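The structure under discussion appears below in the form of structure tokens.
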Amino acid sequence: MVKPILVDAIHLHSNDNIGVATRNLNAGEVISVATSEITLQEDVPTGHKFALKSLTADQQIFKYGQSIGITSDAIGVGQWVHTHNLANGDLNQEYEKSTEIPDPLPRIEDRTFQGFRRKNGKAGTRNYIAVISTVNCSASVSKYVAQRFDHSALEDYPNIDGVVALTHGFGCGIEFGGMKHQMLNRVMGGMAKHPNVGAFLLIGLGCEQTSLDYLLEDQKLVQIDGVDAPSTGPPVFTIQETGGTVKTVEAGVRALSELLPRANEFKREAIPASELVVGLECGGSDGYSGITANPALGVASDRVVACGGTAILSETTEIYGAEHLLTRRARTPEVADKLLDQIEWWKWYANTFDTVLDSNPTVGNKLGGLTTITEKSLGAVAKAGSSMFREFYQYAEPVTERGFVIMDTPGFDPPSVTGMVAGGANIVVFTTGRGSCFGCKPTPSIKVMSNTPTYERLEDDMDVNAGTVLSGKSVKEVGEEIFEEILAVASGKKTKSETHGIGDEEFVPWTVGPDL
């Protein structure tokens, strides 16, 4: 039985001029918060904000000790603060670069997980065979090949977690060698070489712009990652040369049947936790995400980094408004500039479509209590913990630096996670407040819920309840719980999404550029 919430509202920082409701509050209630008693002038939904002081128009609202926007109207003590009276405004941030580089975290040397050690030295947490479609025109054929290898077909191969078809809606009508082509190539190559993939085969149509020859050369796919390759390299098929869809399916099935016993040779063994590469994601966030789940994941991220592993923060559009906190932690000013330059690119990119980055918060985010992109971002970056910001990567680039890094991705969860996984993430931890039910084969996704009522409603899909922070557990305690769950899942424990078989459709590469 989960303990009841201890308080009616939270005052997060001494500078804050708002409180956050921890339950549905009613007009006329007297609430004790920030050493004061506040009489509410109107209803305040759970997770939402209310004013602790009288505020004039054009005054800053502070949460987490940081400005989250500008009042668009006067707000009285005890009034609800939300989209009707608060706007993001112009941030006008002043950036300090590498001025608050944290000391290295005390090293953790003795933690391990049971994973798959590949012949190239990488470590996997799962052992999948991937059928990779190079173009949407071969997507159905790729799925048909994978579908022939259901659970019964894999009974004799206990070390193989499954066969997954990685398909997408792109691959042609683009500039050959252009940005869109390069981004898609990085994703497909990253999946083929992923440590969670014991073997792979490629299927194309034959006339697409994302040609197999270019992919093989560009991504150096000269052998199957993890198992000895035949002298001819990885199995590669084009529908046009193989003789059509039916013949290609049968050829793919035969090739995959030959891969199964070789991929099955890999067995779990003890691997240092320094080999963990953890993708940090939040989706369907609410007003509690930045209070419970995200800072708890930040504690777990620090544990991974202390072990010598890697934690990847993503969703650049959900860093906007909080980037000044990260630039101070940057290893060098040059690393800070990479993030700032990408923020400027996103502003330009959004503007070309006549939109702004403050359009990011969703209907669900706002129903859950979030108002501006700055408020959302300040809560989101809590996932990054407290260690040094070591490097910035473009979308789906191979992540080679250990420690806390950032990858440029959009805020939409499937392409964001796809980029981190293509970059090498062998575990994903996904926080949510509204209830994102997400999986991402071939990498397991641990879901962390920000509040107890939603966790209890969606317990079949959630792995960790961070809502216990509101009923007495410390953020540190929940962070340790998440870290232990990371090690357990890396060692083979199935996440809820894996139990349900979710993760085939969530492979969504992000590409930038025109379809020609």
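Here's how to read the names in the structure tokens: chain A, B, ... by the order shown, residue numbers from 1 in each chain, ligand numbers from 1 in the order shown.
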I need the helix (DSSP H, G or I) residues of stretch 237-297 of chain A per DSSP on the backbone, written as a PyMOL selection string.
chain A and resi 239-242+245-263+273-275+293-297
Give me the residues near stretch 493-495 of chain A as an NGL selection string, where near means some atom within 12 Å (using only C-alpha atoms) and where sequence neighbours in that chain fewer than 4 positions away do not count.
:A and (113-115 or 125-126 or 161 or 427-430 or 437-441 or 443-448 or 459-464 or 484-489 or 499-503)
When you look at A:Arg117 with a cut-off of 9 Å (counting only C-alpha atoms), what residues show up, excluding the ones that are within fewer than 6 positions of it in the same chain? I need them as a PDB file with C-alpha atoms, in the first residue's frame.
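Saved the output as selection.pdb:
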ATOM      1  CA  ALA A 123      28.520  -4.899 -24.704  1.00  0.00           C
ATOM      2  CA  GLY A 124      24.885  -5.645 -25.403  1.00  0.00           C
ATOM      3  CA  PRO A 195      25.690  -4.129 -29.542  1.00  0.00           C
ATOM      4  CA  GLY A 226      29.131  -9.756 -33.323  1.00  0.00           C
ATOM      5  CA  PHE A 266      26.578 -15.589 -27.505  1.00  0.00           C
ATOM      6  CA  LYS A 267      25.755 -16.066 -23.830  1.00  0.00           C
ATOM      7  CA  ARG A 268      25.366 -13.608 -20.988  1.00  0.00           C
ATOM      8  CA  GLU A 269      28.445 -12.968 -18.900  1.00  0.00           C
ATOM      9  CA  ALA A 270      29.495 -10.511 -16.202  1.00  0.00           C
ATOM     10  CA  ILE A 271      30.300  -7.118 -17.729  1.00  0.00           C
TER      11      ILE A 271
END
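Note that the spacing between atom CA of A:Gly467 and atom CA of A:Val299 amounts to 15.3 Å.
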